[in-house]
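Novice: Coordinates in coords_7.cif, mmCIF, N, CA and C atoms, are listed below.
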data_my_file
loop_
_atom_site.label_atom_id
_atom_site.label_comp_id
_atom_site.auth_asym_id
_atom_site.auth_seq_id
_atom_site.Cartn_x
_atom_site.Cartn_y
_atom_site.Cartn_z
N MET A 1 -47.71 -7.26 -11.95
CA MET A 1 -47.12 -6.15 -12.65
C MET A 1 -46.85 -5.02 -11.66
N ALA A 2 -45.66 -4.45 -11.76
CA ALA A 2 -45.30 -3.31 -10.92
C ALA A 2 -44.90 -2.14 -11.81
N ILE A 3 -45.15 -0.96 -11.30
CA ILE A 3 -44.68 0.25 -11.95
C ILE A 3 -43.42 0.65 -11.18
N VAL A 4 -42.29 0.62 -11.87
CA VAL A 4 -41.01 0.90 -11.24
C VAL A 4 -40.67 2.37 -11.48
N LEU A 5 -40.44 3.10 -10.39
CA LEU A 5 -40.16 4.53 -10.47
C LEU A 5 -38.75 4.84 -10.01
N GLY A 6 -38.20 5.89 -10.62
CA GLY A 6 -36.91 6.38 -10.18
C GLY A 6 -36.72 7.82 -10.60
N ALA A 7 -35.88 8.53 -9.86
CA ALA A 7 -35.61 9.93 -10.18
C ALA A 7 -34.28 10.35 -9.59
N ASP A 8 -33.64 11.30 -10.26
CA ASP A 8 -32.49 11.95 -9.66
C ASP A 8 -33.02 13.10 -8.79
N GLN A 9 -32.14 13.90 -8.25
CA GLN A 9 -32.59 14.97 -7.36
C GLN A 9 -33.52 15.95 -8.05
N ALA A 10 -33.28 16.24 -9.33
CA ALA A 10 -34.12 17.20 -10.06
C ALA A 10 -35.53 16.67 -10.28
N GLY A 11 -35.70 15.36 -10.29
CA GLY A 11 -37.00 14.77 -10.56
C GLY A 11 -37.71 14.19 -9.35
N LYS A 12 -37.08 14.26 -8.19
CA LYS A 12 -37.61 13.60 -6.99
C LYS A 12 -39.03 14.07 -6.62
N ARG A 13 -39.27 15.36 -6.60
CA ARG A 13 -40.58 15.87 -6.20
C ARG A 13 -41.67 15.35 -7.12
N LEU A 14 -41.43 15.43 -8.44
CA LEU A 14 -42.44 14.98 -9.41
C LEU A 14 -42.61 13.47 -9.34
N LYS A 15 -41.52 12.75 -9.14
CA LYS A 15 -41.60 11.30 -8.99
C LYS A 15 -42.45 10.93 -7.78
N ASP A 16 -42.27 11.64 -6.68
CA ASP A 16 -43.07 11.37 -5.48
C ASP A 16 -44.56 11.65 -5.72
N LEU A 17 -44.85 12.68 -6.50
CA LEU A 17 -46.24 12.99 -6.85
C LEU A 17 -46.85 11.87 -7.70
N ILE A 18 -46.09 11.39 -8.68
CA ILE A 18 -46.55 10.29 -9.54
C ILE A 18 -46.74 9.02 -8.70
N LYS A 19 -45.82 8.78 -7.79
CA LYS A 19 -45.91 7.61 -6.91
C LYS A 19 -47.19 7.65 -6.09
N ALA A 20 -47.49 8.78 -5.49
CA ALA A 20 -48.72 8.92 -4.70
C ALA A 20 -49.95 8.70 -5.57
N TYR A 21 -49.95 9.24 -6.77
CA TYR A 21 -51.07 9.10 -7.70
C TYR A 21 -51.28 7.63 -8.05
N LEU A 22 -50.22 6.92 -8.40
CA LEU A 22 -50.34 5.51 -8.77
C LEU A 22 -50.77 4.66 -7.58
N ASN A 23 -50.26 4.99 -6.39
CA ASN A 23 -50.69 4.27 -5.19
C ASN A 23 -52.18 4.48 -4.94
N GLU A 24 -52.68 5.71 -5.15
CA GLU A 24 -54.11 5.98 -4.99
C GLU A 24 -54.95 5.16 -5.96
N LYS A 25 -54.39 4.86 -7.11
CA LYS A 25 -55.08 4.05 -8.12
C LYS A 25 -55.03 2.56 -7.77
N GLY A 26 -54.33 2.21 -6.69
CA GLY A 26 -54.23 0.82 -6.27
C GLY A 26 -53.22 0.00 -7.02
N LEU A 27 -52.29 0.66 -7.71
CA LEU A 27 -51.28 -0.05 -8.48
C LEU A 27 -50.08 -0.38 -7.62
N GLU A 28 -49.41 -1.48 -7.95
CA GLU A 28 -48.19 -1.85 -7.26
C GLU A 28 -47.06 -0.95 -7.76
N VAL A 29 -46.41 -0.25 -6.85
CA VAL A 29 -45.35 0.69 -7.21
C VAL A 29 -44.08 0.30 -6.49
N LEU A 30 -42.98 0.27 -7.23
CA LEU A 30 -41.66 -0.01 -6.67
C LEU A 30 -40.79 1.21 -6.97
N ASP A 31 -40.35 1.88 -5.93
CA ASP A 31 -39.50 3.07 -6.06
C ASP A 31 -38.06 2.64 -5.80
N VAL A 32 -37.20 2.74 -6.82
CA VAL A 32 -35.81 2.32 -6.68
C VAL A 32 -34.89 3.47 -6.27
N THR A 33 -35.45 4.63 -6.09
CA THR A 33 -34.66 5.79 -5.70
C THR A 33 -34.37 5.73 -4.22
N ASP A 34 -33.09 5.92 -3.88
CA ASP A 34 -32.78 6.03 -2.45
C ASP A 34 -32.52 7.50 -2.13
N ASP A 35 -32.12 7.77 -0.92
CA ASP A 35 -31.96 9.16 -0.49
C ASP A 35 -30.63 9.78 -0.87
N SER A 36 -29.76 9.02 -1.51
CA SER A 36 -28.47 9.58 -1.90
C SER A 36 -28.61 10.45 -3.14
N GLN A 37 -27.57 11.13 -3.47
CA GLN A 37 -27.54 11.99 -4.65
C GLN A 37 -27.23 11.13 -5.87
N GLU A 38 -28.19 10.37 -6.34
CA GLU A 38 -27.95 9.50 -7.49
C GLU A 38 -28.03 10.27 -8.79
N ASP A 39 -27.23 9.86 -9.73
CA ASP A 39 -27.22 10.41 -11.07
C ASP A 39 -28.30 9.73 -11.89
N PHE A 40 -28.81 10.42 -12.92
CA PHE A 40 -29.87 9.82 -13.73
C PHE A 40 -29.42 8.53 -14.40
N VAL A 41 -28.13 8.38 -14.65
CA VAL A 41 -27.63 7.14 -15.26
C VAL A 41 -27.88 5.97 -14.30
N ASP A 42 -27.46 6.12 -13.05
CA ASP A 42 -27.65 5.06 -12.06
C ASP A 42 -29.13 4.76 -11.83
N VAL A 43 -29.93 5.80 -11.76
CA VAL A 43 -31.37 5.63 -11.53
C VAL A 43 -32.01 4.87 -12.69
N THR A 44 -31.69 5.27 -13.90
CA THR A 44 -32.27 4.62 -15.08
C THR A 44 -31.87 3.15 -15.15
N LEU A 45 -30.61 2.86 -14.86
CA LEU A 45 -30.17 1.46 -14.86
C LEU A 45 -30.89 0.65 -13.80
N ALA A 46 -31.13 1.24 -12.63
CA ALA A 46 -31.86 0.54 -11.57
C ALA A 46 -33.31 0.27 -11.96
N VAL A 47 -33.95 1.26 -12.59
CA VAL A 47 -35.33 1.07 -13.05
C VAL A 47 -35.37 -0.02 -14.12
N ALA A 48 -34.47 0.06 -15.10
CA ALA A 48 -34.45 -0.92 -16.18
C ALA A 48 -34.22 -2.33 -15.66
N LYS A 49 -33.36 -2.47 -14.67
CA LYS A 49 -33.10 -3.80 -14.09
C LYS A 49 -34.38 -4.40 -13.52
N GLU A 50 -35.15 -3.60 -12.80
CA GLU A 50 -36.41 -4.09 -12.22
C GLU A 50 -37.49 -4.31 -13.28
N VAL A 51 -37.52 -3.46 -14.29
CA VAL A 51 -38.49 -3.65 -15.37
C VAL A 51 -38.21 -4.96 -16.09
N ASN A 52 -36.95 -5.23 -16.36
CA ASN A 52 -36.58 -6.45 -17.08
C ASN A 52 -36.68 -7.70 -16.20
N ALA A 53 -36.73 -7.53 -14.90
CA ALA A 53 -36.77 -8.68 -13.98
C ALA A 53 -38.09 -9.43 -14.04
N THR A 54 -39.17 -8.73 -14.35
CA THR A 54 -40.49 -9.35 -14.35
C THR A 54 -41.29 -8.92 -15.57
N GLU A 55 -41.79 -9.89 -16.28
CA GLU A 55 -42.64 -9.61 -17.44
C GLU A 55 -43.83 -8.78 -17.00
N GLY A 56 -44.13 -7.73 -17.72
CA GLY A 56 -45.27 -6.89 -17.41
C GLY A 56 -44.92 -5.65 -16.60
N ASN A 57 -43.74 -5.62 -15.99
CA ASN A 57 -43.33 -4.42 -15.27
C ASN A 57 -43.13 -3.26 -16.24
N LEU A 58 -43.43 -2.07 -15.78
CA LEU A 58 -43.23 -0.85 -16.55
C LEU A 58 -42.39 0.11 -15.72
N GLY A 59 -41.67 1.01 -16.39
CA GLY A 59 -40.81 1.94 -15.67
C GLY A 59 -41.05 3.39 -16.05
N ILE A 60 -40.88 4.26 -15.07
CA ILE A 60 -40.96 5.71 -15.28
C ILE A 60 -39.78 6.34 -14.57
N VAL A 61 -38.99 7.12 -15.31
CA VAL A 61 -37.84 7.82 -14.75
C VAL A 61 -38.04 9.31 -14.96
N VAL A 62 -37.78 10.09 -13.91
CA VAL A 62 -37.95 11.53 -13.96
C VAL A 62 -36.63 12.20 -13.59
N ASP A 63 -36.20 13.11 -14.44
CA ASP A 63 -35.08 13.99 -14.11
C ASP A 63 -35.50 15.40 -14.54
N ALA A 64 -34.58 16.29 -14.77
CA ALA A 64 -34.94 17.66 -15.12
C ALA A 64 -35.62 17.76 -16.48
N TYR A 65 -35.09 17.06 -17.50
CA TYR A 65 -35.61 17.23 -18.85
C TYR A 65 -36.05 15.94 -19.54
N GLY A 66 -35.72 14.80 -19.01
CA GLY A 66 -36.14 13.53 -19.59
C GLY A 66 -35.22 12.97 -20.65
N ALA A 67 -34.36 13.79 -21.20
CA ALA A 67 -33.49 13.35 -22.30
C ALA A 67 -32.40 12.40 -21.83
N GLY A 68 -31.76 12.70 -20.72
CA GLY A 68 -30.68 11.86 -20.23
C GLY A 68 -31.11 10.43 -19.95
N PRO A 69 -32.15 10.23 -19.14
CA PRO A 69 -32.61 8.85 -18.90
C PRO A 69 -33.04 8.14 -20.18
N PHE A 70 -33.62 8.87 -21.10
CA PHE A 70 -34.01 8.26 -22.37
C PHE A 70 -32.77 7.71 -23.09
N MET A 71 -31.71 8.50 -23.13
CA MET A 71 -30.48 8.05 -23.80
C MET A 71 -29.91 6.82 -23.12
N VAL A 72 -29.94 6.78 -21.80
CA VAL A 72 -29.46 5.61 -21.06
C VAL A 72 -30.32 4.40 -21.39
N ALA A 73 -31.62 4.55 -21.32
CA ALA A 73 -32.53 3.42 -21.54
C ALA A 73 -32.36 2.80 -22.91
N THR A 74 -32.09 3.62 -23.92
CA THR A 74 -31.97 3.09 -25.28
C THR A 74 -30.66 2.34 -25.50
N LYS A 75 -29.77 2.37 -24.54
CA LYS A 75 -28.51 1.62 -24.62
C LYS A 75 -28.66 0.21 -24.06
N ILE A 76 -29.79 -0.08 -23.45
CA ILE A 76 -30.01 -1.36 -22.79
C ILE A 76 -30.70 -2.32 -23.75
N LYS A 77 -30.06 -3.45 -23.99
CA LYS A 77 -30.61 -4.42 -24.93
C LYS A 77 -32.02 -4.83 -24.52
N GLY A 78 -32.92 -4.76 -25.48
CA GLY A 78 -34.30 -5.19 -25.26
C GLY A 78 -35.19 -4.14 -24.61
N MET A 79 -34.65 -2.99 -24.25
CA MET A 79 -35.46 -1.95 -23.61
C MET A 79 -36.00 -1.00 -24.68
N VAL A 80 -37.30 -0.90 -24.76
CA VAL A 80 -37.94 0.08 -25.62
C VAL A 80 -38.46 1.18 -24.71
N ALA A 81 -37.95 2.39 -24.93
CA ALA A 81 -38.29 3.52 -24.07
C ALA A 81 -38.64 4.73 -24.91
N ALA A 82 -39.34 5.67 -24.29
CA ALA A 82 -39.72 6.91 -24.97
C ALA A 82 -39.63 8.06 -23.99
N GLU A 83 -39.16 9.18 -24.48
CA GLU A 83 -39.20 10.42 -23.72
C GLU A 83 -40.51 11.09 -24.07
N VAL A 84 -41.34 11.37 -23.07
CA VAL A 84 -42.66 11.91 -23.35
C VAL A 84 -42.95 13.15 -22.51
N SER A 85 -43.77 14.02 -23.09
CA SER A 85 -44.21 15.21 -22.36
C SER A 85 -45.68 15.51 -22.64
N ASP A 86 -46.40 14.48 -23.12
CA ASP A 86 -47.84 14.62 -23.32
C ASP A 86 -48.51 13.26 -23.17
N GLU A 87 -49.79 13.30 -22.84
CA GLU A 87 -50.55 12.08 -22.55
C GLU A 87 -50.65 11.15 -23.75
N ARG A 88 -50.92 11.72 -24.91
CA ARG A 88 -51.13 10.90 -26.11
C ARG A 88 -49.88 10.11 -26.46
N SER A 89 -48.73 10.76 -26.40
CA SER A 89 -47.47 10.06 -26.71
C SER A 89 -47.23 8.93 -25.72
N ALA A 90 -47.55 9.16 -24.44
CA ALA A 90 -47.37 8.12 -23.42
C ALA A 90 -48.23 6.90 -23.74
N TYR A 91 -49.47 7.15 -24.11
CA TYR A 91 -50.37 6.05 -24.44
C TYR A 91 -49.94 5.35 -25.74
N MET A 92 -49.62 6.13 -26.75
CA MET A 92 -49.29 5.56 -28.05
C MET A 92 -47.97 4.80 -28.06
N THR A 93 -47.02 5.20 -27.22
CA THR A 93 -45.76 4.46 -27.20
C THR A 93 -45.96 3.06 -26.63
N ARG A 94 -46.99 2.89 -25.79
CA ARG A 94 -47.36 1.55 -25.34
C ARG A 94 -48.10 0.82 -26.46
N ALA A 95 -49.07 1.49 -27.07
CA ALA A 95 -49.93 0.85 -28.08
C ALA A 95 -49.15 0.43 -29.32
N HIS A 96 -48.27 1.27 -29.80
CA HIS A 96 -47.60 0.99 -31.08
C HIS A 96 -46.17 0.50 -30.95
N ASN A 97 -45.49 0.83 -29.85
CA ASN A 97 -44.07 0.46 -29.72
C ASN A 97 -43.80 -0.54 -28.60
N ASN A 98 -44.83 -0.88 -27.84
CA ASN A 98 -44.70 -1.77 -26.70
C ASN A 98 -43.60 -1.29 -25.75
N ALA A 99 -43.52 0.03 -25.57
CA ALA A 99 -42.51 0.60 -24.67
C ALA A 99 -42.73 0.11 -23.26
N ARG A 100 -41.64 -0.16 -22.58
CA ARG A 100 -41.72 -0.62 -21.18
C ARG A 100 -41.22 0.44 -20.22
N MET A 101 -40.71 1.54 -20.78
CA MET A 101 -40.22 2.61 -19.92
C MET A 101 -40.47 3.95 -20.60
N ILE A 102 -40.84 4.94 -19.79
CA ILE A 102 -40.91 6.31 -20.28
C ILE A 102 -40.06 7.19 -19.37
N THR A 103 -39.61 8.29 -19.94
CA THR A 103 -38.87 9.29 -19.17
C THR A 103 -39.57 10.62 -19.36
N MET A 104 -39.47 11.47 -18.33
CA MET A 104 -40.05 12.81 -18.44
C MET A 104 -39.23 13.78 -17.62
N GLY A 105 -39.38 15.05 -17.97
CA GLY A 105 -38.62 16.10 -17.31
C GLY A 105 -39.46 16.92 -16.36
N ALA A 106 -39.01 17.03 -15.12
CA ALA A 106 -39.73 17.79 -14.10
C ALA A 106 -39.74 19.29 -14.39
N GLU A 107 -38.80 19.75 -15.20
CA GLU A 107 -38.78 21.17 -15.55
C GLU A 107 -39.58 21.46 -16.81
N ILE A 108 -40.19 20.43 -17.37
CA ILE A 108 -41.00 20.56 -18.58
C ILE A 108 -42.46 20.23 -18.29
N VAL A 109 -42.69 19.19 -17.51
CA VAL A 109 -44.02 18.65 -17.27
C VAL A 109 -44.52 19.11 -15.89
N GLY A 110 -45.73 19.64 -15.86
CA GLY A 110 -46.36 20.04 -14.60
C GLY A 110 -47.00 18.88 -13.89
N ASP A 111 -47.50 19.14 -12.71
CA ASP A 111 -48.03 18.08 -11.84
C ASP A 111 -49.19 17.31 -12.46
N GLU A 112 -50.22 18.00 -12.90
CA GLU A 112 -51.40 17.31 -13.45
C GLU A 112 -51.07 16.59 -14.75
N LEU A 113 -50.24 17.21 -15.57
CA LEU A 113 -49.82 16.56 -16.81
C LEU A 113 -49.03 15.29 -16.50
N ALA A 114 -48.16 15.34 -15.51
CA ALA A 114 -47.38 14.16 -15.14
C ALA A 114 -48.28 13.00 -14.72
N LYS A 115 -49.32 13.30 -13.96
CA LYS A 115 -50.27 12.26 -13.57
C LYS A 115 -50.96 11.67 -14.80
N ASN A 116 -51.36 12.54 -15.72
CA ASN A 116 -52.04 12.06 -16.93
C ASN A 116 -51.11 11.26 -17.83
N ILE A 117 -49.84 11.64 -17.88
CA ILE A 117 -48.85 10.89 -18.65
C ILE A 117 -48.69 9.49 -18.04
N ALA A 118 -48.53 9.44 -16.73
CA ALA A 118 -48.40 8.15 -16.05
C ALA A 118 -49.64 7.28 -16.30
N LYS A 119 -50.82 7.88 -16.20
CA LYS A 119 -52.07 7.16 -16.43
C LYS A 119 -52.12 6.61 -17.85
N GLY A 120 -51.81 7.44 -18.84
CA GLY A 120 -51.83 6.99 -20.23
C GLY A 120 -50.86 5.85 -20.48
N PHE A 121 -49.68 5.95 -19.91
CA PHE A 121 -48.67 4.91 -20.10
C PHE A 121 -49.09 3.61 -19.44
N VAL A 122 -49.53 3.69 -18.20
CA VAL A 122 -49.88 2.49 -17.44
C VAL A 122 -51.14 1.82 -17.98
N GLU A 123 -52.09 2.61 -18.43
CA GLU A 123 -53.34 2.05 -18.94
C GLU A 123 -53.26 1.64 -20.41
N GLY A 124 -52.21 2.04 -21.10
CA GLY A 124 -52.05 1.67 -22.50
C GLY A 124 -51.76 0.19 -22.65
N HIS A 125 -52.18 -0.37 -23.75
CA HIS A 125 -51.95 -1.78 -24.04
C HIS A 125 -51.39 -1.91 -25.44
N TYR A 126 -50.45 -2.81 -25.59
CA TYR A 126 -49.81 -3.03 -26.89
C TYR A 126 -50.81 -3.61 -27.88
N ASP A 127 -50.88 -2.99 -29.06
CA ASP A 127 -51.80 -3.42 -30.10
C ASP A 127 -51.29 -4.63 -30.88
N GLY A 128 -49.98 -4.82 -30.93
CA GLY A 128 -49.43 -5.94 -31.69
C GLY A 128 -49.66 -5.78 -33.18
N GLY A 129 -49.96 -6.88 -33.85
CA GLY A 129 -50.26 -6.84 -35.28
C GLY A 129 -49.15 -6.22 -36.10
N ARG A 130 -49.52 -5.25 -36.93
CA ARG A 130 -48.56 -4.62 -37.85
C ARG A 130 -47.41 -3.93 -37.13
N HIS A 131 -47.58 -3.62 -35.85
CA HIS A 131 -46.55 -2.93 -35.09
C HIS A 131 -45.43 -3.88 -34.65
N GLN A 132 -45.70 -5.16 -34.66
CA GLN A 132 -44.72 -6.13 -34.16
C GLN A 132 -43.44 -6.12 -34.98
N ILE A 133 -43.53 -5.85 -36.26
CA ILE A 133 -42.32 -5.82 -37.10
C ILE A 133 -41.33 -4.80 -36.56
N ARG A 134 -41.82 -3.60 -36.24
CA ARG A 134 -40.92 -2.55 -35.71
C ARG A 134 -40.43 -2.91 -34.31
N VAL A 135 -41.29 -3.47 -33.49
CA VAL A 135 -40.89 -3.85 -32.15
C VAL A 135 -39.78 -4.91 -32.21
N ASP A 136 -39.91 -5.86 -33.12
CA ASP A 136 -38.87 -6.88 -33.30
C ASP A 136 -37.56 -6.22 -33.73
N MET A 137 -37.64 -5.24 -34.61
CA MET A 137 -36.43 -4.53 -35.04
C MET A 137 -35.77 -3.81 -33.87
N LEU A 138 -36.57 -3.16 -33.05
CA LEU A 138 -36.04 -2.47 -31.88
C LEU A 138 -35.40 -3.44 -30.90
N ASN A 139 -36.04 -4.56 -30.69
CA ASN A 139 -35.52 -5.54 -29.73
C ASN A 139 -34.22 -6.22 -30.18
N LYS A 140 -33.93 -6.19 -31.46
CA LYS A 140 -32.69 -6.75 -31.98
C LYS A 140 -31.51 -5.80 -31.82
N MET A 141 -31.79 -4.55 -31.53
CA MET A 141 -30.73 -3.55 -31.42
C MET A 141 -29.98 -3.66 -30.10
N CYS A 142 -28.84 -3.03 -30.06
CA CYS A 142 -27.94 -2.98 -28.89
C CYS A 142 -27.24 -4.28 -28.72
#
Is it possible to express this structure as structure tokens?
Specialist:
Amino acid sequence: MAIVLGADQAGKRLKDLIKAYLNEKGLEVLDVTDDSQEDFVDVTLAVAKEVNATEGNLGIVVDAYGAGPFMVATKIKGMVAAEVSDERSAYMTRAHNNARMITMGAEIVGDELAKNIAKGFVEGHYDGGRHQIRVDMLNKMC
């Protein structure tokens, strides 16, 4: 399992902070961001491609507000994503929605909160059971 990271220019600093945090935790991290001026659309598509390439991969995309990458991710068939700005939502979107990608905004989320959001998302586990009906509905969309 790899945590796939990406960011546009507005999210690069926070993405790098999250990357360092996840590396310190000993997790496998794949950063798809290159040094060019990539748009959040291109970044989100690159993250989604890597997330979908391997079962168990998770993705985190950071831009200024998190809304743009979220909109892109929800256009991708089979991708369940959530825009989050708190730890509980990050954890619960894994537990109840089996989300494979989250987005967050660097102009909304501070450094320590971003680490906690990443931790909640990565450490969350899908509960299955009664939640599977909704997950199946989401996966049929697009």
Novice: Tell me which residues the PyMOL selection byres (((chain A and resi 82 and name CA) around 8) and name CA) grabs here, as a list in words.
Specialist: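 Written out, the selection comes to Phe70, Val80, Ala81, Glu83, Val84, Ala90, Thr93, Ala99, Met101, Ile102 and Thr103 of chain A.
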Novice: Applied to this file, what does the PyMOL selection byres ((chain A and resi 16-31) around 7) return in terms of residues, put as a PyMOL selection string?
Specialist: chain A and resi 1-6+11-15+32-34+114-115
Novice: Assuming the chain letters and numbering stay as they are in my file, what does the PyMOL selection byres ((chain A and resi 40) around 8) actually select? List them as a ChimeraX atom specification.
Specialist: /A:6-9,37-39,41-46,62-63,68-70,72
Novice: Looking only at strand (DSSP E or B) from DSSP on the backbone, list the matching residues of segment 69-139 of chain A as a VMD selection string.
Specialist: chain A and resid 81 to 83 101 to 105
Novice: Rank nothing, just name the residue among A:Val51, A:Met104, A:Ala95, A:Asn116 nearest to Ala67 of chain A, using all atoms listed in the file.
Specialist: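 Among A:Val51, A:Met104, A:Ala95, A:Asn116, it is A:Met104 that comes nearest to Ala67 of chain A.
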Novice: In Å, how far is it from atom N of Tyr126 of chain A to atom CA of Arg88 of chain A?
Specialist: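 Atom CA of Arg88 of chain A lies at a distance of 13.7 Å from atom N of Tyr126 of chain A.
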Novice: To one decimal in Å, tell me the separation between atom CA of Asn97 of chain A and atom CA of Val47 of chain A.
Specialist: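 Computing it gives 18.8 Å between the two atoms.
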Novice: Between A:Ala106, A:Arg100, A:Ala118, A:Gly124, which is the closest to Gly56 of chain A once you count only C-alpha atoms?
Specialist: A:Arg100
Novice: Calculate how many Å separate atom CA of Ile76 of chain A from atom C of Ile133 of chain A, rounding to one decimal.
Specialist: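 According to the coordinates, atom CA of Ile76 of chain A and atom C of Ile133 of chain A are separated by 18.2 Å.
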Novice: In chain A, what's helix (DSSP H, G or I) per DSSP? Answer as number ranges by chain?
Specialist: A: 9-24, 40-53, 67-73, 87-97, 111-123, 129-140
Novice: Adding 5 Å on each side of the box along x, y and z that holds all listed atoms of segment 122-131 of chain A, could you give its centre and edge lengths in Å to one decimal, as JSON?
Specialist:
{"center_x": -49.4, "center_y": -1.6, "center_z": -27.6, "size_x": 17.9, "size_y": 20.6, "size_z": 30.4}
